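Colleague: The following block contains the structure, expressed as structure tokens.
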Amino acid sequence: MNKALSLMIAATLSAGMAGLSRGADLMAVYRDAIAYDAQYASARAALDAGREKLPQGRAGLLPTIGLAANTTWNDVDSTRRTAGATEVNTKYNNNGWTVSLTQPLFRWQNWVAYTQSELAVAQAEAQFGLARQELIVRAAQAYFDVLLAQDTLATAQAQKVAIAEQLESAKRNFEVGTATITDSHEAQARYD
């Protein structure tokens, strides 16, 4: 059993059991374990990560869209070699853009990846269900361990009181003379 969980549940139970008016019942311990158990939080995060496999697998089946744009500034200086040499200066801007949509008709590896992602999600959900059941068992075990410890303590305290009364009775009987010193020593040994 996870020691941190045991300590957390024991602390919760002892705080709850200190005043029975507040009392921690099994469901309260379970709710606290859901909120604070590290193993359960890890399983929940693994479930979230596993569920992301499905959109990743589906992405291979969807079309891809591409967008490209460009602009080119042209500044051309030229001189003509004719009888009256003229100089020509041409400036212009050239713009272009492209949008492409690509949809593969059939790619077996993409379908296999999608199927595998569905199975990965199912596996993650099954593992999370197992983690939830393990949490229930750990919380219940810790809860009942604390109850057993409380009953054991109450029994030990009651036995101590009873043995103390037997000791006092043996001492009184010895003083009165109805019991031997051996009876008094045996009662003292049981008490000790």
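Ligands are numbered from 1 in the order shown, chains are lettered A, B, ... in the order of the structure tokens, and residues start at 1 in each chain.
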Pull the strand (DSSP E) assignments for range 27-183 of chain A out of DSSP run on the backbone, and list those residues as a PyMOL selection string.
Modeller: chain A and resi 64-80+86-102
Colleague: Write the residues you've just listed into a file as a short mmCIF file (atom, residue, chain, number, x, y, z; two decimals), in the first residue's frame, and include N, CA and C atoms for each of them.
Modeller:
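Output saved as selection_26.cif:
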data_model
loop_
_atom_site.label_atom_id
_atom_site.label_comp_id
_atom_site.auth_asym_id
_atom_site.auth_seq_id
_atom_site.Cartn_x
_atom_site.Cartn_y
_atom_site.Cartn_z
N THR A 64 -5.14 17.83 -46.00
CA THR A 64 -4.19 18.86 -45.57
C THR A 64 -4.37 20.08 -46.46
N ILE A 65 -4.31 21.22 -45.84
CA ILE A 65 -4.48 22.48 -46.55
C ILE A 65 -3.18 23.25 -46.43
N GLY A 66 -2.72 23.75 -47.57
CA GLY A 66 -1.50 24.54 -47.58
C GLY A 66 -1.77 25.92 -48.18
N LEU A 67 -1.12 26.91 -47.66
CA LEU A 67 -1.27 28.28 -48.15
C LEU A 67 0.13 28.86 -48.28
N ALA A 68 0.40 29.43 -49.44
CA ALA A 68 1.70 30.07 -49.68
C ALA A 68 1.45 31.41 -50.36
N ALA A 69 2.22 32.40 -49.99
CA ALA A 69 2.10 33.73 -50.60
C ALA A 69 3.50 34.28 -50.81
N ASN A 70 3.64 35.09 -51.86
CA ASN A 70 4.94 35.73 -52.10
C ASN A 70 4.74 37.08 -52.74
N THR A 71 5.72 37.90 -52.61
CA THR A 71 5.74 39.19 -53.27
C THR A 71 7.18 39.49 -53.68
N THR A 72 7.31 40.05 -54.88
CA THR A 72 8.65 40.36 -55.40
C THR A 72 8.63 41.80 -55.93
N TRP A 73 9.57 42.59 -55.48
CA TRP A 73 9.71 43.96 -55.97
C TRP A 73 10.80 43.97 -57.03
N ASN A 74 10.46 44.49 -58.21
CA ASN A 74 11.40 44.52 -59.33
C ASN A 74 11.73 45.97 -59.68
N ASP A 75 13.00 46.22 -59.84
CA ASP A 75 13.49 47.54 -60.26
C ASP A 75 14.52 47.29 -61.37
N VAL A 76 14.10 47.54 -62.60
CA VAL A 76 14.95 47.23 -63.75
C VAL A 76 15.43 48.54 -64.39
N ASP A 77 16.75 48.70 -64.49
CA ASP A 77 17.36 49.83 -65.20
C ASP A 77 18.01 49.26 -66.46
N SER A 78 17.65 49.81 -67.60
CA SER A 78 18.27 49.33 -68.84
C SER A 78 18.53 50.52 -69.78
N THR A 79 19.52 50.34 -70.61
CA THR A 79 19.87 51.36 -71.60
C THR A 79 19.81 50.70 -72.97
N ARG A 80 19.13 51.37 -73.93
CA ARG A 80 19.02 50.83 -75.28
C ARG A 80 20.16 51.37 -76.13
N THR A 86 18.63 55.67 -75.13
CA THR A 86 17.63 56.03 -74.11
C THR A 86 17.76 55.09 -72.92
N GLU A 87 17.53 55.67 -71.84
CA GLU A 87 17.61 54.89 -70.61
C GLU A 87 16.19 54.63 -70.13
N VAL A 88 15.92 53.36 -69.83
CA VAL A 88 14.58 52.95 -69.40
C VAL A 88 14.68 52.45 -67.96
N ASN A 89 13.84 52.97 -67.10
CA ASN A 89 13.78 52.54 -65.71
C ASN A 89 12.38 52.00 -65.45
N THR A 90 12.30 50.69 -65.16
CA THR A 90 11.00 50.05 -64.94
C THR A 90 10.94 49.53 -63.51
N LYS A 91 9.85 49.89 -62.82
CA LYS A 91 9.65 49.40 -61.45
C LYS A 91 8.25 48.79 -61.38
N TYR A 92 8.22 47.59 -60.83
CA TYR A 92 6.91 46.95 -60.66
C TYR A 92 6.99 45.91 -59.53
N ASN A 93 5.83 45.57 -59.03
CA ASN A 93 5.71 44.59 -57.94
C ASN A 93 4.98 43.37 -58.48
N ASN A 94 5.49 42.20 -58.16
CA ASN A 94 4.89 40.95 -58.61
C ASN A 94 4.38 40.20 -57.37
N ASN A 95 3.08 39.88 -57.29
CA ASN A 95 2.49 39.19 -56.15
C ASN A 95 1.93 37.85 -56.60
N GLY A 96 1.94 36.89 -55.69
CA GLY A 96 1.35 35.60 -56.00
C GLY A 96 0.94 34.87 -54.73
N TRP A 97 -0.02 34.02 -54.85
CA TRP A 97 -0.43 33.19 -53.72
C TRP A 97 -0.97 31.87 -54.25
N THR A 98 -0.88 30.87 -53.37
CA THR A 98 -1.30 29.53 -53.74
C THR A 98 -2.00 28.88 -52.55
N VAL A 99 -3.13 28.27 -52.82
CA VAL A 99 -3.83 27.47 -51.82
C VAL A 99 -3.92 26.07 -52.38
N SER A 100 -3.53 25.08 -51.54
CA SER A 100 -3.62 23.70 -52.01
C SER A 100 -4.35 22.85 -50.98
N LEU A 101 -5.16 21.96 -51.45
CA LEU A 101 -5.89 21.02 -50.62
C LEU A 101 -5.53 19.63 -51.12
N THR A 102 -5.01 18.80 -50.19
CA THR A 102 -4.59 17.46 -50.57
C THR A 102 -5.37 16.47 -49.74
#
Colleague: Report as a count of residues only: the residues of chain A with a DSSP assignment of alpha helix (DSSP H), based on the backbone of this structure.
Modeller: 128
Colleague: Just to confirm, what's the straight-line distance from CA of Glu134 in chain A to CA of Gln56 in chain A in Å (one decimal)?
Modeller: 29.7 Å
Colleague: Find the spatial neighbours of Gln39 in chain A, counting only C-alpha atoms, within a cut-off of 9 Å - ignore same-chain residues fewer than 3 positions away - and output them as number ranges by chain.
Modeller: A: 2, 42-44, 131, 135
